[in-house]
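S.K.: Let me begin by handing over the structure; questions about it come next.
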Amino acid sequence: MRTFGVEEELLLVDATTGRPRPLAPEILERSGEHELRGFAMTSEVAQEMVEVVVEPCRTADELRRAVRAGRETADGLARELDGRALALATSPVPQRTHLSEGPRYAAVRERFRGMAQGTLECGLHVHVAIDDAAEGVAVLDRIRVWLPVILALSANSPFRDGSDTGFASYRHVVWHLWPTAGPLELVGTPERYEQLVQSLLATGGILDDGQIYFDARLSRRHPTVEVRVADVCLDPEDTITLAVLIRGLVDTAVDEWRRGDEPNPLPAQAIRLASWMAARWGVRGDLVDPGTGRAAPAAEVVEALLAHVRPALAANGDTDTAEIGVREILVRGTGAERQRARRELSGSLAGAALGAGAVDD
């Protein structure tokens, strides 16, 4: 059974107004006074964010405990400062971002100017263990067509800077302003993957390989494939659902590779458009079926994903977690729908943030 872990970026806000606050330095300092088990907390580019990094796990239950503990700890520390740590992928309330301190963040500020200053989008990154780079590239080539479906299931950013964007995941739209973000074409070999990375670095347009923001990539620090396409999920149970689905995609991809099955040749531009559709409507519109390359109702495409990974889910003991979790999302809606419902109920964007975005929601 492959180990897997997640990184969740949480938004730090005022507990009364829901407006983002630069609480990360104090929260991280206070976290040093606690024994953190199963997770760590780190800074992000903005002081209005903190990242909870869950250590590698083997089972969904183990991952669930660590995710919940990480969220509860971050929120508890924020509450000590009259703030909250919320699982929101964008801020519903207008923001003024403060970049984190340090030489690298200063370099990001100088190079990217307004893009860096405006970055306050919180994502979910899922890491799944691989044996080596050859296996990892085989995975990247075979999971890329399914990543728009993962995005649709995660959608949790309908509001930004005081308005309803009309999107289910506006984080996806803003994030793709970064020049290296998006889907990959077929790579084929580790050598060709490395050539691609080096060609991007050679342009001088980005600072280093930490700014390689593919929707899925080989981790530069761990022996993992890192899937970066998802919004941070409003409900921690949705995080677990997506994590087991992604582990299932990795296992399925490796099996296909070992059998000699060729990857789906869908062009990256078609995948980019499929992701845009997922970001626009979440699970309440059409998604692109990787088997046909054509639009189909979201529920049908999600069911195709489940069918694709079902043997791997069964082997990992994740079938119920995935199937029940997916059904929950399809019935009650994504975080985006729940945020909109909370705004209607409360009559304010602060209500959307503080009601729908609480980590104990």
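Just remember, in the structure tokens the first chain shown is A, the second B, etc., residues are 1-based per chain, and ligands are 1-based in the order shown.
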Would you please extract all strand (DSSP E or B) residues from segment 109-266 of chain A, as assigned by DSSP on the backbone, and give them as a list in words?
M.R.: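 Put together, the selection reads Gly123, Leu124, His125, Val126, His127, Val128, Ala129, Ser157, Phe159, Arg160, Ser163, Asp164, Ser169, Gly182, Phe214, Ala216, Arg217, Leu218, Thr224, Val225, Glu226, Val227, Arg228, Val229, Ala230 and Asp231 of chain A.
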S.K.: List as a list of chain:residue names the protein and nucleic acid residues near Val149 of chain A, meaning an atom at most 8 Å away when only C-alpha atoms are counted, but skip any in the same chain fewer than 4 places from it.
M.R.: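 The filter keeps A:Leu153, A:Ser275, A:Ala278, A:Leu287, A:Val301, A:Val302, A:Leu305.
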S.K.: I need the residue nearest Ala134 of chain A from this list: A:Gly18, A:Gly188, A:Gly162, A:Gly102. Use only C-alpha atoms for the distance.
M.R.: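 Under the stated criterion, the closest residue is A:Gly188.
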S.K.: Using only C-alpha atoms, can you tell me which of A:Ala274, A:Val326, A:Leu77, A:Val288 comes closest to Thr239 of chain A?
M.R.: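 Once distances to Thr239 of chain A are computed over only C-alpha atoms, the minimum belongs to A:Val326.
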S.K.: State, in Å with one decimal place, the distance from atom CA of Glu44 of chain A to atom CA of Tyr105 of chain A.
M.R.: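 Rounded to one decimal, the two atoms are 9.2 Å apart.
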S.K.: Near segment 59-62 of chain A, counting only C-alpha atoms, which residues have an atom at most 9 Å away, once you skip same-chain residues fewer than 6 positions from it, shown as an NGL selection string?
M.R.: :A and (1 or 3-4 or 38 or 240-241 or 243-244 or 316-318 or 321)
S.K.: Report as a ChimeraX atom specification: the residues of segment 118-211 of chain A with a DSSP assignment of alpha helix (DSSP H), based on the backbone of this structure.
M.R.: /A:133-143,147-154,170-175,190-202
S.K.: Could you save those same residues with C-alpha atoms as an mmCIF file, in the first residue's frame?
M.R.:
data_model
loop_
_atom_site.group_PDB
_atom_site.id
_atom_site.type_symbol
_atom_site.label_atom_id
_atom_site.label_comp_id
_atom_site.auth_asym_id
_atom_site.auth_seq_id
_atom_site.Cartn_x
_atom_site.Cartn_y
_atom_site.Cartn_z
ATOM 1 C CA ALA A 133 11.222 8.896 -11.430
ATOM 2 C CA ALA A 134 10.346 6.466 -14.229
ATOM 3 C CA GLU A 135 7.293 5.312 -12.316
ATOM 4 C CA GLY A 136 6.467 8.913 -11.449
ATOM 5 C CA VAL A 137 6.532 10.104 -15.065
ATOM 6 C CA ALA A 138 4.395 7.128 -16.099
ATOM 7 C CA VAL A 139 1.882 8.269 -13.468
ATOM 8 C CA LEU A 140 1.926 11.898 -14.629
ATOM 9 C CA ASP A 141 1.230 10.804 -18.201
ATOM 10 C CA ARG A 142 -1.765 8.698 -17.158
ATOM 11 C CA ILE A 143 -3.520 10.745 -14.456
ATOM 12 C CA LEU A 147 -7.359 15.979 -12.839
ATOM 13 C CA PRO A 148 -10.200 18.270 -13.986
ATOM 14 C CA VAL A 149 -12.615 15.890 -12.251
ATOM 15 C CA ILE A 150 -10.594 16.180 -9.040
ATOM 16 C CA LEU A 151 -10.784 19.969 -9.374
ATOM 17 C CA ALA A 152 -14.561 19.860 -9.823
ATOM 18 C CA LEU A 153 -15.029 17.763 -6.673
ATOM 19 C CA SER A 154 -12.849 20.146 -4.654
ATOM 20 C CA TYR A 170 -12.066 30.991 -8.959
ATOM 21 C CA ARG A 171 -8.796 30.019 -7.291
ATOM 22 C CA HIS A 172 -8.121 27.926 -10.390
ATOM 23 C CA VAL A 173 -8.542 30.986 -12.623
ATOM 24 C CA VAL A 174 -6.269 33.212 -10.541
ATOM 25 C CA TRP A 175 -3.672 30.512 -9.964
ATOM 26 C CA PRO A 190 12.275 11.097 -16.695
ATOM 27 C CA GLU A 191 14.886 12.572 -19.014
ATOM 28 C CA ARG A 192 12.259 14.428 -21.014
ATOM 29 C CA TYR A 193 10.573 15.629 -17.817
ATOM 30 C CA GLU A 194 13.896 16.997 -16.581
ATOM 31 C CA GLN A 195 14.549 18.626 -19.956
ATOM 32 C CA LEU A 196 11.181 20.355 -19.685
ATOM 33 C CA VAL A 197 11.962 21.651 -16.194
ATOM 34 C CA GLN A 198 15.411 22.832 -17.270
ATOM 35 C CA SER A 199 14.014 24.584 -20.341
ATOM 36 C CA LEU A 200 11.649 26.570 -18.116
ATOM 37 C CA LEU A 201 14.455 27.455 -15.710
ATOM 38 C CA ALA A 202 16.699 28.484 -18.600
#
S.K.: Work out how far apart atom CA of Arg342 of chain A and atom CA of Pro20 of chain A are and give it in Å to one decimal.
M.R.: 18.4 Å
S.K.: Determine, counting only C-alpha atoms, which protein, DNA and RNA residues have an atom within 6 Å of an atom of Ala89 of chain A; residues of the same chain fewer than 2 positions away are not included. Present the result as an NGL selection string.
M.R.: :A and (121-122 or 156-157 or 231-232)
S.K.: For Glu51 of chain A, work out the shell of residues within 8 Å, counting only C-alpha atoms and skipping chain neighbours fewer than 2 positions away, then give it as a ChimeraX atom specification.
M.R.: /A:7-10,41-44,49,53
S.K.: For Leu81 of chain A, which residue out of A:Leu186, A:Ala279, A:Val227, A:Leu12 is the nearest one, using only C-alpha atoms?
M.R.: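 For Leu81 of chain A, the nearest of the given residues is A:Leu12.
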S.K.: Given only C-alpha atoms as the basis, pick out the residue of A:Trp257, A:Leu266, A:Arg272, A:Gly76 nearest to Phe214 of chain A.
M.R.: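 Of the candidates, the smallest distance to Phe214 of chain A is held by A:Arg272.
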S.K.: Considering only C-alpha atoms, state which residue in the set A:Ala78, A:Ala298, A:Leu36, A:Val93 is at the smallest distance from Leu349 of chain A.
M.R.: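 Of A:Ala78, A:Ala298, A:Leu36, A:Val93, the one nearest Leu349 of chain A is A:Val93, counting only C-alpha atoms.
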S.K.: Can you pull out the residues contacting Pro94 of chain A? Cut-off 8 Å, using only C-alpha atoms, and skip same-chain residues under 4 positions away; I want them as a ChimeraX atom specification.
M.R.: /A:19,160-162
S.K.: Just the selected residues (all heavy atoms), exported as a PDB file, in the first residue's frame, please.
M.R.:
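Written file, result-v3.pdb:
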ATOM      1  N   ARG A  19     -12.250  39.294   7.598  1.00  0.00           N
ATOM      2  CA  ARG A  19     -11.231  39.889   6.737  1.00  0.00           C
ATOM      3  C   ARG A  19      -9.880  39.227   6.994  1.00  0.00           C
ATOM      4  O   ARG A  19      -9.503  39.003   8.144  1.00  0.00           O
ATOM      5  CB  ARG A  19     -11.126  41.393   6.996  1.00  0.00           C
ATOM      6  CG  ARG A  19     -10.224  42.126   6.003  1.00  0.00           C
ATOM      7  CD  ARG A  19     -10.221  43.622   6.299  1.00  0.00           C
ATOM      8  NE  ARG A  19     -11.557  44.175   6.156  1.00  0.00           N
ATOM      9  CZ  ARG A  19     -12.098  44.553   5.007  1.00  0.00           C
ATOM     10  NH1 ARG A  19     -11.400  44.412   3.879  1.00  0.00           N
ATOM     11  NH2 ARG A  19     -13.310  45.044   4.962  1.00  0.00           N
ATOM     12  N   ARG A 160     -14.488  36.208  -4.282  1.00  0.00           N
ATOM     13  CA  ARG A 160     -13.152  36.783  -4.177  1.00  0.00           C
ATOM     14  C   ARG A 160     -13.273  38.297  -4.135  1.00  0.00           C
ATOM     15  O   ARG A 160     -13.958  38.899  -4.952  1.00  0.00           O
ATOM     16  CB  ARG A 160     -12.253  36.366  -5.346  1.00  0.00           C
ATOM     17  CG  ARG A 160     -10.780  36.743  -5.162  1.00  0.00           C
ATOM     18  CD  ARG A 160      -9.942  36.198  -6.305  1.00  0.00           C
ATOM     19  NE  ARG A 160      -8.511  36.302  -6.038  1.00  0.00           N
ATOM     20  CZ  ARG A 160      -7.755  37.330  -6.430  1.00  0.00           C
ATOM     21  NH1 ARG A 160      -8.299  38.328  -7.101  1.00  0.00           N
ATOM     22  NH2 ARG A 160      -6.461  37.345  -6.153  1.00  0.00           N
ATOM     23  N   ASP A 161     -12.601  38.886  -3.133  1.00  0.00           N
ATOM     24  CA  ASP A 161     -12.536  40.351  -3.022  1.00  0.00           C
ATOM     25  C   ASP A 161     -13.908  41.012  -3.020  1.00  0.00           C
ATOM     26  O   ASP A 161     -14.129  42.033  -3.674  1.00  0.00           O
ATOM     27  CB  ASP A 161     -11.685  40.937  -4.147  1.00  0.00           C
ATOM     28  CG  ASP A 161     -10.191  40.754  -3.888  1.00  0.00           C
ATOM     29  OD1 ASP A 161      -9.837  40.419  -2.752  1.00  0.00           O
ATOM     30  OD2 ASP A 161      -9.416  40.928  -4.830  1.00  0.00           O
ATOM     31  N   GLY A 162     -14.831  40.391  -2.304  1.00  0.00           N
ATOM     32  CA  GLY A 162     -16.109  41.054  -2.088  1.00  0.00           C
ATOM     33  C   GLY A 162     -17.182  40.799  -3.115  1.00  0.00           C
ATOM     34  O   GLY A 162     -18.244  41.446  -3.077  1.00  0.00           O
TER      35      GLY A 162
END
S.K.: Within 6 Å of segment 166-168 of chain A, counting only C-alpha atoms, which residues show up once you throw out same-chain ones fewer than 3 positions away? Write them as a short mmCIF file (atom, residue, chain, number, x, y, z; two decimals) with C-alpha atoms, in the first residue's frame, please.
M.R.:
data_model
loop_
_atom_site.label_atom_id
_atom_site.label_comp_id
_atom_site.auth_asym_id
_atom_site.auth_seq_id
_atom_site.Cartn_x
_atom_site.Cartn_y
_atom_site.Cartn_z
CA ALA A 155 -14.35 23.46 -5.85
CA SER A 157 -13.79 29.41 -4.13
CA PRO A 158 -16.92 31.13 -5.45
CA ALA A 279 -13.71 25.51 -12.30
CA ARG A 280 -16.75 27.25 -13.76
CA TRP A 281 -19.47 24.81 -12.73
CA GLY A 282 -17.96 22.32 -10.28
CA ALA A 336 -18.61 26.57 -3.30
#
S.K.: For atom CA of His98 of chain A and atom CA of Glu55 of chain A, determine how far apart the two atoms are, in Å to one decimal place.
M.R.: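 Taking atom CA of His98 of chain A and atom CA of Glu55 of chain A, their separation equals 28.1 Å.
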S.K.: Go through A:Arg58, A:Arg284, A:His308, A:Arg258 and flag the residue nearest Ala129 of chain A, using only C-alpha atoms for the distances.
M.R.: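 For Ala129 of chain A, the nearest of the candidates is A:Arg58.
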